[in-house]
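In what follows, a single structure is set out as structure tokens and then discussed.
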Amino acid sequence: SKRIAVITSGGDAPGMNACLRAIVLTAHRFHHTVIGFKHGYNGLINDEKIEFTISHVQHIIQVGGTILKSARCTEFTTPSGLDTAVDTLIANEIDCLIVIGGDGSLRGLEKISQVWQGQTIGIPGTIDNDLSGSDNTIGYQTAIDTALDSIDKIRDTADAFERIFLIEVMGRHAGFIALASAVASGAEQALFPESIEDPHLELESIVQHVESLRKLKGKSSFIMVIAEHLWPGGVNDLAETLTNQIGIECRPCILGHIQRGGAPVAYDRILATKLGAYAVECFEHGETRVMVGEINAKQVTTCLSETFNVQKQLDPYLVKVQQDLFDIVKTLDAP
Ligand code: F6P
């Protein structure tokens with residue numbers, strides 16, 4: 001019997017609990033013990049842990065957040081923090097550390113793997129979908145649906161009041177949530193970092209687009225989905241700038257942490273279950289310094305450093321369709 005440590009780290013993502021459940025159940029199949037360290041890397045530094053039994057993970061597949069708690073741990077980024085975390089792994093006779101998290105969390109795991117002999121396996125858990133090595137990260141599909149639900153509601157009031165709304169979605173420095181939620185909601189415009197070099201240069205085109213659309217008969221509301229961090233000064237500043245340029249009030253709306261919560265959609269529960277089980281199987285097969293993922297519906301492993309060093313591309317066809325639809329509407333004649 002071996003000892004597997006697990007943490008959930010960084011921004012929580014719907015499906016992390018489903019993943020913990022799969023890890024504990026699969027480890028049980030191989031007669032391994034699973035120790036959960038709490039509050040991300042802090043749990044390793046402070047030796048704050050629970051030994052998982054099957055009853056801990058019963059009926060958590062549908063629950064958002066993470067029963068292990070999460071954190072962004074600054075102490076872990078210091079040499080002494082790293083040393084303490086490794087000491088804890090050694091003192092607890094851990095054979096494998098599994099980290100469920102995003103970019104920063106997997107960077108941390110890579111650091112540990114450079115100084116610790118045990119096996120290290122990452123699982124992509126972030127709403128941002130910004131890790132190479134898996135088509136989807138756990139939580140991303142739920143976040144899109146949550147954002148979409150809010151955007152649909154804003155459309156009702158935007159239509160009723162014939163207003164322009166600028167809706168900021170999360171994604172860190174990537175446009176996955178912005179592109180997907182904009183296309184799915186039929187937003188008139190989507191602004192995300194992958195398609196924009198200098199947002200200020202885009203201002204003229206944004207203004208033109210808003211104006212040409214507002215001339216169309218029956219087209220009274222206008223929704224623009226904007227990735228966070230895209231506009232210097234944030235979406236409130238962009239709304240004010242546009243209001244001044246167009247002469248019509250533009251309303252900002254920041255969806256924020258709503259996008260991180262809630263019950264995971266079926267896709268995320270299934271992905272989390274597969275990747276949790278697969279991570280334990282990879283441990284059995286002696287794999288280390290990898291992240292597990294799913295590409296074209298096949299389970300794969302990718303070298304940890306590649307997952308955060310290689311920039312993951314947006315679906316190019318979706319980008320093209322979004323752009324084409326945007327252009328078609330722009331060229332329509334006013335009635
Ligand atoms: O990585 C998930 C995420 O929600 C990002 O989309 C966002 O930029 C960031 O975390 C916000 O982090 P915090 O909750 O620590 O402010």
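In the structure tokens, chains take letters A, B, ... by order of appearance, with residues numbered from 1 within each chain and ligands from 1 in the order shown.
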Please produce, as CSV, a per-residue contact table for chain A versus ligand 1 (criterion: any atom at most 9 Å away, only C-alpha atoms and all ligand atoms considered), showing the nearest atom pair and its distance in Å to one decimal, sorted by chain then residue number.
```
residue,atom,partner,partner_atom_place_in_ligand_line,distance
A:Gly10,CA,ligand 1,1 (O),6.8
A:Gly11,CA,ligand 1,2 (C),4.5
A:Asp12,CA,ligand 1,2 (C),7.1
A:Ala13,CA,ligand 1,2 (C),7.6
A:Ala71,CA,ligand 1,15 (O),8.0
A:Arg72,CA,ligand 1,15 (O),6.9
A:Gly101,CA,ligand 1,1 (O),8.7
A:Gly102,CA,ligand 1,1 (O),6.6
A:Asp103,CA,ligand 1,1 (O),8.1
A:Gly104,CA,ligand 1,1 (O),8.9
A:Thr126,CA,ligand 1,1 (O),5.7
A:Ile127,CA,ligand 1,2 (C),5.7
A:Asp128,CA,ligand 1,6 (O),5.4
A:Asn129,CA,ligand 1,1 (O),8.8
A:Asp130,CA,ligand 1,1 (O),8.9
A:Val169,CA,ligand 1,6 (O),7.9
A:Met170,CA,ligand 1,6 (O),4.2
A:Gly171,CA,ligand 1,6 (O),3.9
A:Arg172,CA,ligand 1,8 (O),3.7
A:His173,CA,ligand 1,8 (O),7.3
A:Ala174,CA,ligand 1,6 (O),8.6
A:Ile177,CA,ligand 1,6 (O),8.8
A:Glu228,CA,ligand 1,8 (O),7.1
A:His229,CA,ligand 1,8 (O),8.2
A:Gly256,CA,ligand 1,4 (O),7.7
A:His257,CA,ligand 1,4 (O),6.6
A:Gln259,CA,ligand 1,4 (O),7.5
A:Arg260,CA,ligand 1,4 (O),6.2
```
### Task
Excluding Gly286 in chain A and any residue of its chain fewer than 3 positions from it, enumerate the residues within 10 Å of it, using only C-alpha atoms, and give them as a list of chain:residue names.
A:Cys96, A:Gln119, A:Thr120, A:Val280, A:Glu281, A:Cys282, A:Phe283
Go ahead and save the residues from that selection, with N, CA and C atoms, as a PDB file, in the first residue's frame.
```pdb
ATOM      1  N   CYS A  96       3.417   9.956  -3.697  1.00  0.00           N
ATOM      2  CA  CYS A  96       2.992  10.715  -4.882  1.00  0.00           C
ATOM      3  C   CYS A  96       2.186  11.932  -4.446  1.00  0.00           C
ATOM      4  N   GLN A 119       6.673  10.833  -6.779  1.00  0.00           N
ATOM      5  CA  GLN A 119       6.036  11.102  -8.074  1.00  0.00           C
ATOM      6  C   GLN A 119       5.132  12.337  -7.970  1.00  0.00           C
ATOM      7  N   THR A 120       5.054  13.082  -9.046  1.00  0.00           N
ATOM      8  CA  THR A 120       4.223  14.294  -9.063  1.00  0.00           C
ATOM      9  C   THR A 120       3.288  14.248 -10.271  1.00  0.00           C
ATOM     10  N   VAL A 280      -4.482   8.427 -10.803  1.00  0.00           N
ATOM     11  CA  VAL A 280      -4.058   7.334  -9.910  1.00  0.00           C
ATOM     12  C   VAL A 280      -3.480   6.176 -10.740  1.00  0.00           C
ATOM     13  N   GLU A 281      -4.092   5.916 -11.885  1.00  0.00           N
ATOM     14  CA  GLU A 281      -3.550   4.854 -12.749  1.00  0.00           C
ATOM     15  C   GLU A 281      -2.150   5.227 -13.253  1.00  0.00           C
ATOM     16  N   CYS A 282      -1.957   6.492 -13.563  1.00  0.00           N
ATOM     17  CA  CYS A 282      -0.627   6.941 -14.014  1.00  0.00           C
ATOM     18  C   CYS A 282       0.394   6.765 -12.889  1.00  0.00           C
ATOM     19  N   PHE A 283      -0.028   7.044 -11.665  1.00  0.00           N
ATOM     20  CA  PHE A 283       0.857   6.815 -10.517  1.00  0.00           C
ATOM     21  C   PHE A 283       1.243   5.332 -10.468  1.00  0.00           C
TER      22      PHE A 283
END
```
### Query
So which residues touch Ile151 in chain A within 10 Å, counting only C-alpha atoms, skipping near sequence neighbours fewer than 2 positions away, as an MDAnalysis selection string?
chainID A and resid 145:149 153:156 158 165 167 169 181:182 184:187 223:225 253 255
Dump C-alpha atoms for the selected residues as a tab-separated table (two decimals), in the first residue's frame?
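Output saved as again.tsv:
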```tsv
chain	number	residue	atom	x	y	z
A	145	ASP	CA	-22.80	28.00	-18.69
A	146	THR	CA	-22.83	30.23	-15.61
A	147	ALA	CA	-21.62	33.24	-17.60
A	148	LEU	CA	-24.13	32.43	-20.33
A	149	ASP	CA	-27.02	32.30	-17.91
A	153	LYS	CA	-30.58	37.67	-18.31
A	154	ILE	CA	-28.76	40.90	-19.10
A	155	ARG	CA	-30.05	40.59	-22.67
A	156	ASP	CA	-33.64	40.78	-21.38
A	158	ALA	CA	-30.79	45.35	-22.42
A	165	PHE	CA	-24.02	46.49	-22.04
A	167	ILE	CA	-19.99	42.41	-19.73
A	169	VAL	CA	-15.97	37.72	-17.86
A	181	SER	CA	-19.91	32.76	-23.78
A	182	ALA	CA	-20.04	35.49	-26.46
A	184	ALA	CA	-23.29	31.06	-27.21
A	185	SER	CA	-25.16	34.19	-26.13
A	186	GLY	CA	-25.17	35.76	-29.59
A	187	ALA	CA	-23.31	38.77	-28.26
A	223	ILE	CA	-23.97	43.24	-25.81
A	224	MET	CA	-20.23	43.20	-25.79
A	225	VAL	CA	-18.43	40.42	-23.89
A	253	CYS	CA	-21.34	44.61	-15.68
A	255	LEU	CA	-19.71	38.93	-13.63
```
### Message
Residues near Thr243 in chain A, anyone? I mean within 12 Å using only C-alpha atoms, not counting same-chain ones fewer than 2 positions away, as JSON, numbers by chain.
### Response
{"A": [163, 164, 165, 166, 203, 206, 207, 210, 211, 235, 236, 237, 238, 239, 240, 241, 245, 246, 247, 248, 249, 250, 251, 252]}
Selected residues, C-alpha atoms, written as a PDB file, in the first residue's frame, please.
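This is the output file part-v8.pdb:
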```pdb
ATOM      1  CA  ARG A 163     -29.222  49.617 -23.834  1.00  0.00           C
ATOM      2  CA  ILE A 164     -25.612  48.840 -24.559  1.00  0.00           C
ATOM      3  CA  PHE A 165     -24.024  46.490 -22.036  1.00  0.00           C
ATOM      4  CA  LEU A 166     -20.353  45.686 -21.609  1.00  0.00           C
ATOM      5  CA  LEU A 203     -11.774  51.673 -30.069  1.00  0.00           C
ATOM      6  CA  ILE A 206     -15.845  49.172 -31.618  1.00  0.00           C
ATOM      7  CA  VAL A 207     -17.582  52.522 -31.920  1.00  0.00           C
ATOM      8  CA  VAL A 210     -22.017  49.753 -32.147  1.00  0.00           C
ATOM      9  CA  GLU A 211     -23.247  52.580 -34.346  1.00  0.00           C
ATOM     10  CA  VAL A 235     -14.623  47.551 -18.082  1.00  0.00           C
ATOM     11  CA  ASN A 236     -15.972  50.485 -16.049  1.00  0.00           C
ATOM     12  CA  ASP A 237     -13.435  52.729 -17.722  1.00  0.00           C
ATOM     13  CA  LEU A 238     -14.218  51.303 -21.168  1.00  0.00           C
ATOM     14  CA  ALA A 239     -17.937  51.884 -20.618  1.00  0.00           C
ATOM     15  CA  GLU A 240     -17.264  55.496 -19.688  1.00  0.00           C
ATOM     16  CA  THR A 241     -14.977  55.995 -22.708  1.00  0.00           C
ATOM     17  CA  GLN A 245     -17.615  58.671 -27.805  1.00  0.00           C
ATOM     18  CA  ILE A 246     -21.027  57.333 -28.852  1.00  0.00           C
ATOM     19  CA  GLY A 247     -23.160  59.672 -26.836  1.00  0.00           C
ATOM     20  CA  ILE A 248     -25.350  56.816 -25.596  1.00  0.00           C
ATOM     21  CA  GLU A 249     -25.056  55.412 -22.112  1.00  0.00           C
ATOM     22  CA  CYS A 250     -23.061  52.158 -21.989  1.00  0.00           C
ATOM     23  CA  ARG A 251     -23.533  50.054 -18.861  1.00  0.00           C
ATOM     24  CA  PRO A 252     -20.721  47.888 -17.475  1.00  0.00           C
TER      25      PRO A 252
END
```
### Task
Apply DSSP to the structure's backbone, then extract all residues of range 14-78 of chain A labelled alpha helix (DSSP H) and return them as JSON, numbers by chain.
{"A": [16, 17, 18, 19, 20, 21, 22, 23, 24, 25, 26, 27, 28, 29, 41, 42, 43, 44, 45, 46]}
### Message
For range 61-70 of chain A, find every residue with an atom within 8 Å (counting only C-alpha atoms), except residues of its own chain fewer than 2 positions away, and show them as number ranges by chain.
### Response
A: 7-19, 21, 36-40, 57-59, 72, 260-264, 269
Could you write out the selected residues, including C-alpha atoms, as a compact mmCIF listing (two decimals), in the first residue's frame?
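Writing done, so here's result.txt:
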```txt
# COMPACT_ATOMS: atom_id res chain seq x y z
CA ILE A 7 -4.27 19.27 -2.75
CA THR A 8 -6.65 21.60 -4.54
CA SER A 9 -4.86 24.86 -5.24
CA GLY A 10 -5.45 28.32 -6.72
CA GLY A 11 -8.87 29.42 -7.94
CA ASP A 12 -11.43 26.77 -7.08
CA ALA A 13 -13.27 25.25 -10.01
CA PRO A 14 -16.55 23.31 -10.20
CA GLY A 15 -15.63 19.64 -10.49
CA MET A 16 -12.70 19.67 -8.06
CA ASN A 17 -14.79 17.66 -5.58
CA ALA A 18 -15.78 15.17 -8.27
CA CYS A 19 -12.09 14.77 -8.99
CA ARG A 21 -13.90 11.56 -5.16
CA GLY A 36 -5.67 15.46 1.61
CA PHE A 37 -3.72 18.57 2.60
CA LYS A 38 -5.93 21.59 3.18
CA HIS A 39 -5.84 25.13 1.77
CA GLY A 40 -3.62 24.35 -1.20
CA VAL A 57 -16.17 11.71 -0.68
CA GLN A 58 -19.69 10.36 -0.76
CA HIS A 59 -22.23 12.70 -2.32
CA ARG A 72 -3.00 31.06 -3.46
CA ARG A 260 -16.36 30.14 -10.19
CA GLY A 261 -19.23 28.72 -8.15
CA GLY A 262 -22.15 26.42 -8.53
CA ALA A 263 -22.75 22.75 -9.17
CA PRO A 264 -20.52 21.38 -11.92
CA ARG A 269 -18.23 15.89 -13.41
```
### Message
as JSON, numbers by chain, please: every residue in range 65-159 of chain A that DSSP puts in strand (DSSP E).
### Response
{"A": [96, 97, 98, 99, 100, 101, 119, 120, 121, 122, 123, 124]}
Take the residues from that selection and put them in a file with N, CA and C atoms, as a tab-separated table (two decimals), in the first residue's frame.
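Below is the file selection-v2.tsv, written as the result:
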```
chain	number	residue	atom	x	y	z
A	96	CYS	N	3.42	9.96	-3.70
A	96	CYS	CA	2.99	10.72	-4.88
A	96	CYS	C	2.19	11.93	-4.45
A	97	LEU	N	2.46	13.06	-5.07
A	97	LEU	CA	1.67	14.27	-4.80
A	97	LEU	C	0.84	14.59	-6.05
A	98	ILE	N	-0.47	14.66	-5.84
A	98	ILE	CA	-1.37	15.05	-6.94
A	98	ILE	C	-1.88	16.46	-6.64
A	99	VAL	N	-1.72	17.36	-7.61
A	99	VAL	CA	-2.21	18.74	-7.44
A	99	VAL	C	-3.31	19.00	-8.46
A	100	ILE	N	-4.47	19.40	-7.98
A	100	ILE	CA	-5.57	19.79	-8.87
A	100	ILE	C	-5.59	21.31	-8.87
A	101	GLY	N	-5.30	21.91	-10.01
A	101	GLY	CA	-5.26	23.37	-10.03
A	101	GLY	C	-4.91	23.90	-11.41
A	119	GLN	N	6.67	10.83	-6.78
A	119	GLN	CA	6.04	11.10	-8.07
A	119	GLN	C	5.13	12.34	-7.97
A	120	THR	N	5.05	13.08	-9.05
A	120	THR	CA	4.22	14.29	-9.06
A	120	THR	C	3.29	14.25	-10.27
A	121	ILE	N	2.00	14.43	-10.01
A	121	ILE	CA	1.02	14.38	-11.10
A	121	ILE	C	0.05	15.56	-10.94
A	122	GLY	N	-0.12	16.32	-12.02
A	122	GLY	CA	-1.03	17.45	-12.02
A	122	GLY	C	-2.35	17.08	-12.68
A	123	ILE	N	-3.41	17.74	-12.23
A	123	ILE	CA	-4.72	17.58	-12.88
A	123	ILE	C	-5.23	19.00	-13.18
A	124	PRO	N	-5.61	19.27	-14.44
A	124	PRO	CA	-6.02	20.63	-14.81
A	124	PRO	C	-7.37	21.00	-14.20
```
### Query
Suppose you want the space between CA of Gln189 in chain A and CA of Lys312 in chain A; what is it in Å?
22.3 Å
### Task
Calculate how many Å separate CA of Arg214 in chain A from CA of Glu194 in chain A, rounding to one decimal.
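CA of Arg214 in chain A sits 26.6 Å away from CA of Glu194 in chain A.
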### Task
Would you mind listing what lies within 9 Å of range 315-323 of chain A as a PyMOL selection string, with only C-alpha atoms counted and same-chain residues fewer than 5 positions away left out?
chain A and resi 176+179-180+182-183+189-190+195+328
### Query
In Å to one decimal, how far is CA of Asp83 in chain A from CA of Ala22 in chain A?
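Calculated distance between CA of Ala22 in chain A and CA of Asp83 in chain A is 29.4 Å.
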### Query
Looking at A:Ala160, A:Val265, A:Ile50, A:Val86, which one is nearest to Ile144 in chain A, with distances taken over only C-alpha atoms?
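The answer is A:Val265, which sits nearest to Ile144 in chain A.
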### Query
When distances are computed from only C-alpha atoms, which of A:Pro79, A:Cys303, A:Ala178, A:Thr137 shows the smallest separation from Pro193 in chain A?
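Among the listed residues, A:Ala178 lies closest to Pro193 in chain A.
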